[in-house]
Amino acid sequence: MKKAICFALALCSCLLVGCNKDDAEDAKQVETVVLAKSACYEISMLNDDDGTKYSYTVLTQDGETLESALCAKKPEVKPLNDDLIGIRFYTSSSTFCRYYDVKNGRVSDSYFGAFWDNGTLLAYNDYESSSKLVVRDIFDADGYYAEYEIDSDAMELIVKSAEENEDSTELCVTYTLGESGWEQTARIPLVENEE
């Protein structure tokens, strides 16, 4: 009986070792290179047999994970101040931004066509879906909102520049309608109209 139990244990050990060996051979070798890092975010490049991917992780100032995911293209990080991080993501056909309040643990919506921000407000090109340029609060859907409607049959609006005026009450946006269009200017208020 003891011999049978010893034989069964030896057989199980061999099978387990064999399974572990196969799993180890099947495991992919992933090379990880950290591209950008701070106390509240990390962007890494991951290389394996399937190609290159990118990962990002955003943490609160207390070290809790706000968001972590894989991306096909390298995201770009823009720290706006000690409490706010902006990350631009790239898809095959467009770009979008998300903002992270690392002090208060908030994550913004995704904004396609974003071209300007000041840490509280952002501006984005919503021309393809609504024929508008929009300025709004980054995090609060019920917060500040202003828009500039553009009446045109052009297929594309290209933002060339965006600058605040001297007293930060207005955003002056220079744009063209299509690649060969002439430059036009939109003035979008950055503060509530006091009338």
# chains A, B, ... in the order shown; residues from 1 in each chain; ligands from 1
call {"tool": "residues_around", "arguments": {"residues": "segment 78-90 of chain A", "least_positions_apart": "4", "cutoff": "7 Å", "atoms": "only C-alpha atoms", "output": "JSON, numbers by chain"}}
result
{"A": [73, 94, 95, 96, 97, 98, 99, 100, 101, 102, 103, 119]}
call {"tool": "select_by_dssp", "arguments": {"residues": "segment 49-146 of chain A", "states": "helix (DSSP H, G or I)", "output": "MDAnalysis selection string"}}
result
chainID A and resid 127:130
call {"tool": "write_last_selection", "arguments": {"atoms": "N, CA, C and O atoms", "output": "PDB file, in the first residue's frame"}}
result
ATOM      1  N   TYR A 127     -16.993  70.326 -34.599  1.00  0.00           N
ATOM      2  CA  TYR A 127     -17.558  70.734 -35.882  1.00  0.00           C
ATOM      3  C   TYR A 127     -18.191  69.575 -36.647  1.00  0.00           C
ATOM      4  O   TYR A 127     -19.264  69.706 -37.220  1.00  0.00           O
ATOM      5  N   GLU A 128     -17.543  68.403 -36.624  1.00  0.00           N
ATOM      6  CA  GLU A 128     -18.060  67.274 -37.413  1.00  0.00           C
ATOM      7  C   GLU A 128     -19.428  66.811 -36.938  1.00  0.00           C
ATOM      8  O   GLU A 128     -20.260  66.395 -37.725  1.00  0.00           O
ATOM      9  N   SER A 129     -19.692  66.888 -35.625  1.00  0.00           N
ATOM     10  CA  SER A 129     -20.979  66.403 -35.135  1.00  0.00           C
ATOM     11  C   SER A 129     -22.002  67.503 -34.875  1.00  0.00           C
ATOM     12  O   SER A 129     -23.200  67.256 -34.946  1.00  0.00           O
ATOM     13  N   SER A 130     -21.527  68.725 -34.569  1.00  0.00           N
ATOM     14  CA  SER A 130     -22.510  69.760 -34.232  1.00  0.00           C
ATOM     15  C   SER A 130     -22.243  71.119 -34.876  1.00  0.00           C
ATOM     16  O   SER A 130     -22.944  72.077 -34.572  1.00  0.00           O
TER      17      SER A 130
END
call {"tool": "residues_around", "arguments": {"residues": "Asp48 of chain A", "least_positions_apart": "6", "cutoff": "10 Å", "atoms": "only C-alpha atoms", "output": "MDAnalysis selection string"}}
result
chainID A and resid 28:32
call {"tool": "closest_residue", "arguments": {"among": "A:Val58, A:Leu157, A:Ala162, A:Cys71", "to": "Gly181 of chain A", "atoms": "only C-alpha atoms"}}
result
A:Leu157
call {"tool": "residues_around", "arguments": {"residues": "Leu171 of chain A", "least_positions_apart": "4", "cutoff": "12 Å", "atoms": "only C-alpha atoms", "output": "mmCIF file with N, CA and C atoms, in the first residue's frame"}}
result
data_model
loop_
_atom_site.group_PDB
_atom_site.id
_atom_site.type_symbol
_atom_site.label_atom_id
_atom_site.label_comp_id
_atom_site.auth_asym_id
_atom_site.auth_seq_id
_atom_site.Cartn_x
_atom_site.Cartn_y
_atom_site.Cartn_z
ATOM 1 N N PHE A 115 -8.225 71.225 -28.183
ATOM 2 C CA PHE A 115 -7.078 71.984 -28.682
ATOM 3 C C PHE A 115 -6.578 73.042 -27.706
ATOM 4 N N TRP A 116 -7.244 73.245 -26.573
ATOM 5 C CA TRP A 116 -6.801 74.266 -25.620
ATOM 6 C C TRP A 116 -7.357 73.925 -24.244
ATOM 7 N N ASP A 117 -6.585 74.247 -23.196
ATOM 8 C CA ASP A 117 -7.094 74.152 -21.827
ATOM 9 C C ASP A 117 -6.305 75.113 -20.950
ATOM 10 N N ASN A 118 -6.891 75.436 -19.797
ATOM 11 C CA ASN A 118 -6.203 76.317 -18.845
ATOM 12 C C ASN A 118 -6.205 75.744 -17.425
ATOM 13 N N LEU A 121 -10.931 75.041 -17.673
ATOM 14 C CA LEU A 121 -11.752 74.940 -18.877
ATOM 15 C C LEU A 121 -10.951 74.272 -19.987
ATOM 16 N N LEU A 122 -11.670 73.710 -20.972
ATOM 17 C CA LEU A 122 -11.014 73.239 -22.177
ATOM 18 C C LEU A 122 -11.858 73.630 -23.372
ATOM 19 N N ALA A 123 -11.214 73.662 -24.533
ATOM 20 C CA ALA A 123 -11.910 73.955 -25.786
ATOM 21 C C ALA A 123 -11.698 72.777 -26.720
ATOM 22 N N TYR A 124 -12.760 72.438 -27.457
ATOM 23 C CA TYR A 124 -12.618 71.358 -28.417
ATOM 24 C C TYR A 124 -13.427 71.661 -29.676
ATOM 25 N N LEU A 133 -17.571 75.087 -32.141
ATOM 26 C CA LEU A 133 -16.402 75.062 -31.267
ATOM 27 C C LEU A 133 -16.963 75.246 -29.855
ATOM 28 N N VAL A 134 -16.455 74.484 -28.910
ATOM 29 C CA VAL A 134 -17.020 74.485 -27.560
ATOM 30 C C VAL A 134 -15.940 74.769 -26.526
ATOM 31 N N VAL A 135 -16.291 75.586 -25.511
ATOM 32 C CA VAL A 135 -15.472 75.775 -24.311
ATOM 33 C C VAL A 135 -16.331 75.318 -23.144
ATOM 34 N N ARG A 136 -15.770 74.466 -22.274
ATOM 35 C CA ARG A 136 -16.552 73.966 -21.144
ATOM 36 C C ARG A 136 -15.657 73.613 -19.963
ATOM 37 N N ALA A 146 -19.801 77.258 -23.152
ATOM 38 C CA ALA A 146 -20.022 78.267 -24.191
ATOM 39 C C ALA A 146 -19.695 77.619 -25.535
ATOM 40 N N GLU A 147 -20.381 78.080 -26.576
ATOM 41 C CA GLU A 147 -20.128 77.517 -27.892
ATOM 42 C C GLU A 147 -20.126 78.611 -28.953
ATOM 43 N N TYR A 148 -19.488 78.297 -30.059
ATOM 44 C CA TYR A 148 -19.439 79.187 -31.207
ATOM 45 C C TYR A 148 -19.890 78.355 -32.407
ATOM 46 N N SER A 161 -4.822 78.103 -34.220
ATOM 47 C CA SER A 161 -4.289 78.628 -32.960
ATOM 48 C C SER A 161 -5.434 78.980 -32.034
ATOM 49 N N ALA A 162 -5.114 79.072 -30.743
ATOM 50 C CA ALA A 162 -6.100 79.464 -29.730
ATOM 51 C C ALA A 162 -5.360 80.207 -28.624
ATOM 52 N N GLU A 163 -5.781 81.440 -28.348
ATOM 53 C CA GLU A 163 -5.128 82.261 -27.331
ATOM 54 C C GLU A 163 -6.165 83.022 -26.521
ATOM 55 N N GLU A 164 -5.905 83.113 -25.217
ATOM 56 C CA GLU A 164 -6.754 83.937 -24.357
ATOM 57 C C GLU A 164 -6.442 85.401 -24.603
ATOM 58 N N ASN A 165 -7.450 86.270 -24.441
ATOM 59 C CA ASN A 165 -7.171 87.704 -24.526
ATOM 60 C C ASN A 165 -6.470 88.137 -23.241
ATOM 61 N N GLU A 166 -6.088 89.413 -23.146
ATOM 62 C CA GLU A 166 -5.270 89.904 -22.025
ATOM 63 C C GLU A 166 -5.926 89.729 -20.665
ATOM 64 N N ASP A 167 -7.231 89.904 -20.571
ATOM 65 C CA ASP A 167 -7.885 89.774 -19.266
ATOM 66 C C ASP A 167 -8.546 88.403 -19.073
ATOM 67 N N THR A 185 -11.709 83.779 -37.672
ATOM 68 C CA THR A 185 -11.527 83.913 -36.228
ATOM 69 C C THR A 185 -12.852 83.744 -35.506
ATOM 70 N N ALA A 186 -12.809 82.992 -34.425
ATOM 71 C CA ALA A 186 -13.967 82.844 -33.536
ATOM 72 C C ALA A 186 -13.568 83.366 -32.163
ATOM 73 N N ARG A 187 -14.448 84.101 -31.518
ATOM 74 C CA ARG A 187 -14.194 84.590 -30.162
ATOM 75 C C ARG A 187 -15.233 83.941 -29.252
ATOM 76 N N ILE A 188 -14.720 83.142 -28.313
ATOM 77 C CA ILE A 188 -15.599 82.386 -27.422
ATOM 78 C C ILE A 188 -15.385 82.890 -25.999
ATOM 79 N N PRO A 189 -16.443 83.277 -25.284
ATOM 80 C CA PRO A 189 -16.274 83.796 -23.921
ATOM 81 C C PRO A 189 -15.763 82.707 -22.967
ATOM 82 N N LEU A 190 -14.928 83.124 -22.018
ATOM 83 C CA LEU A 190 -14.399 82.217 -20.994
ATOM 84 C C LEU A 190 -15.019 82.474 -19.626
ATOM 85 N N VAL A 191 -15.873 83.479 -19.545
ATOM 86 C CA VAL A 191 -16.570 83.805 -18.299
ATOM 87 C C VAL A 191 -18.033 84.018 -18.615
#
call {"tool": "select_by_dssp", "arguments": {"residues": "segment 27-192 of chain A", "states": "strand (DSSP E)", "output": "ChimeraX atom specification"}}
result
/A:31-37,41-48,51-59,65-71,76-81,84-90,95-101,106-107,111-112,114-117,121-126,132-137,145-149,157-164,170-177,184-189
call {"tool": "atom_distance", "arguments": {"atom1": "atom CA of Val33 of chain A", "atom2": "atom CA of Asn47 of chain A"}}
result
8.4 Å
call {"tool": "residues_around", "arguments": {"residues": "Tyr175 of chain A", "least_positions_apart": "5", "cutoff": "6 Å", "atoms": "only C-alpha atoms", "output": "PyMOL selection string"}}
result
chain A and resi 158-160+183-184
call {"tool": "write_last_selection", "arguments": {"atoms": "N, CA, C and O atoms", "output": "PDB file, in the first residue's frame"}}
result
ATOM      1  N   ILE A 158     -10.227  73.076 -39.309  1.00  0.00           N
ATOM      2  CA  ILE A 158      -8.879  72.886 -38.778  1.00  0.00           C
ATOM      3  C   ILE A 158      -8.528  74.073 -37.903  1.00  0.00           C
ATOM      4  O   ILE A 158      -8.490  75.216 -38.369  1.00  0.00           O
ATOM      5  N   VAL A 159      -8.276  73.815 -36.614  1.00  0.00           N
ATOM      6  CA  VAL A 159      -7.884  74.880 -35.690  1.00  0.00           C
ATOM      7  C   VAL A 159      -6.396  75.163 -35.877  1.00  0.00           C
ATOM      8  O   VAL A 159      -5.569  74.263 -35.820  1.00  0.00           O
ATOM      9  N   LYS A 160      -6.076  76.433 -36.121  1.00  0.00           N
ATOM     10  CA  LYS A 160      -4.681  76.845 -36.331  1.00  0.00           C
ATOM     11  C   LYS A 160      -4.043  77.362 -35.042  1.00  0.00           C
ATOM     12  O   LYS A 160      -2.866  77.136 -34.789  1.00  0.00           O
ATOM     13  N   GLU A 183      -8.198  81.756 -43.439  1.00  0.00           N
ATOM     14  CA  GLU A 183      -8.255  81.811 -41.981  1.00  0.00           C
ATOM     15  C   GLU A 183      -9.404  82.686 -41.506  1.00  0.00           C
ATOM     16  O   GLU A 183      -9.642  83.766 -42.034  1.00  0.00           O
ATOM     17  N   GLN A 184     -10.108  82.187 -40.498  1.00  0.00           N
ATOM     18  CA  GLN A 184     -11.211  82.903 -39.886  1.00  0.00           C
ATOM     19  C   GLN A 184     -10.985  82.912 -38.373  1.00  0.00           C
ATOM     20  O   GLN A 184     -10.179  82.145 -37.853  1.00  0.00           O
TER      21      GLN A 184
END
call {"tool": "atom_distance", "arguments": {"atom1": "atom CA of Tyr56 of chain A", "atom2": "atom CA of Thr91 of chain A"}}
result
15.1 Å
call {"tool": "decode", "arguments": {"residues": "segment 167-187 of chain A", "atoms": "N, CA and C atoms", "output": "mmCIF file, in the first residue's frame"}}
result
data_model
loop_
_atom_site.group_PDB
_atom_site.id
_atom_site.type_symbol
_atom_site.label_atom_id
_atom_site.label_comp_id
_atom_site.auth_asym_id
_atom_site.auth_seq_id
_atom_site.Cartn_x
_atom_site.Cartn_y
_atom_site.Cartn_z
ATOM 1 N N ASP A 167 -7.231 89.904 -20.571
ATOM 2 C CA ASP A 167 -7.885 89.774 -19.266
ATOM 3 C C ASP A 167 -8.546 88.403 -19.073
ATOM 4 N N SER A 168 -8.188 87.431 -19.926
ATOM 5 C CA SER A 168 -8.652 86.039 -19.823
ATOM 6 C C SER A 168 -10.176 85.908 -19.792
ATOM 7 N N THR A 169 -10.859 86.749 -20.547
ATOM 8 C CA THR A 169 -12.318 86.679 -20.611
ATOM 9 C C THR A 169 -12.810 86.077 -21.927
ATOM 10 N N GLU A 170 -11.875 85.866 -22.867
ATOM 11 C CA GLU A 170 -12.264 85.415 -24.191
ATOM 12 C C GLU A 170 -11.158 84.557 -24.789
ATOM 13 N N LEU A 171 -11.551 83.526 -25.537
ATOM 14 C CA LEU A 171 -10.601 82.698 -26.270
ATOM 15 C C LEU A 171 -10.728 83.038 -27.742
ATOM 16 N N CYS A 172 -9.636 83.444 -28.346
ATOM 17 C CA CYS A 172 -9.609 83.793 -29.767
ATOM 18 C C CYS A 172 -9.058 82.582 -30.534
ATOM 19 N N VAL A 173 -9.902 81.989 -31.353
ATOM 20 C CA VAL A 173 -9.544 80.773 -32.092
ATOM 21 C C VAL A 173 -9.431 81.115 -33.572
ATOM 22 N N THR A 174 -8.291 80.800 -34.169
ATOM 23 C CA THR A 174 -8.097 80.967 -35.606
ATOM 24 C C THR A 174 -8.250 79.596 -36.250
ATOM 25 N N TYR A 175 -9.065 79.516 -37.312
ATOM 26 C CA TYR A 175 -9.338 78.223 -37.945
ATOM 27 C C TYR A 175 -9.517 78.417 -39.445
ATOM 28 N N THR A 176 -9.438 77.301 -40.161
ATOM 29 C CA THR A 176 -9.767 77.288 -41.586
ATOM 30 C C THR A 176 -10.802 76.198 -41.818
ATOM 31 N N LEU A 177 -11.596 76.381 -42.838
ATOM 32 C CA LEU A 177 -12.557 75.354 -43.243
ATOM 33 C C LEU A 177 -11.918 74.585 -44.384
ATOM 34 N N GLY A 178 -11.366 73.427 -44.066
ATOM 35 C CA GLY A 178 -10.605 72.636 -45.026
ATOM 36 C C GLY A 178 -9.160 73.107 -45.087
ATOM 37 N N GLU A 179 -8.316 72.297 -45.728
ATOM 38 C CA GLU A 179 -6.881 72.599 -45.842
ATOM 39 C C GLU A 179 -6.617 73.899 -46.596
ATOM 40 N N SER A 180 -7.395 74.164 -47.639
ATOM 41 C CA SER A 180 -7.122 75.335 -48.478
ATOM 42 C C SER A 180 -8.022 76.526 -48.149
ATOM 43 N N GLY A 181 -8.784 76.421 -47.069
ATOM 44 C CA GLY A 181 -9.679 77.520 -46.702
ATOM 45 C C GLY A 181 -8.917 78.717 -46.151
ATOM 46 N N TRP A 182 -9.561 79.871 -46.167
ATOM 47 C CA TRP A 182 -8.926 81.072 -45.637
ATOM 48 C C TRP A 182 -9.137 81.122 -44.121
ATOM 49 N N GLU A 183 -8.198 81.756 -43.439
ATOM 50 C CA GLU A 183 -8.255 81.811 -41.981
ATOM 51 C C GLU A 183 -9.404 82.686 -41.506
ATOM 52 N N GLN A 184 -10.108 82.187 -40.498
ATOM 53 C CA GLN A 184 -11.211 82.903 -39.886
ATOM 54 C C GLN A 184 -10.985 82.912 -38.373
ATOM 55 N N THR A 185 -11.709 83.779 -37.672
ATOM 56 C CA THR A 185 -11.527 83.913 -36.228
ATOM 57 C C THR A 185 -12.852 83.744 -35.506
ATOM 58 N N ALA A 186 -12.809 82.992 -34.425
ATOM 59 C CA ALA A 186 -13.967 82.844 -33.536
ATOM 60 C C ALA A 186 -13.568 83.366 -32.163
ATOM 61 N N ARG A 187 -14.448 84.101 -31.518
ATOM 62 C CA ARG A 187 -14.194 84.590 -30.162
ATOM 63 C C ARG A 187 -15.233 83.941 -29.252
#
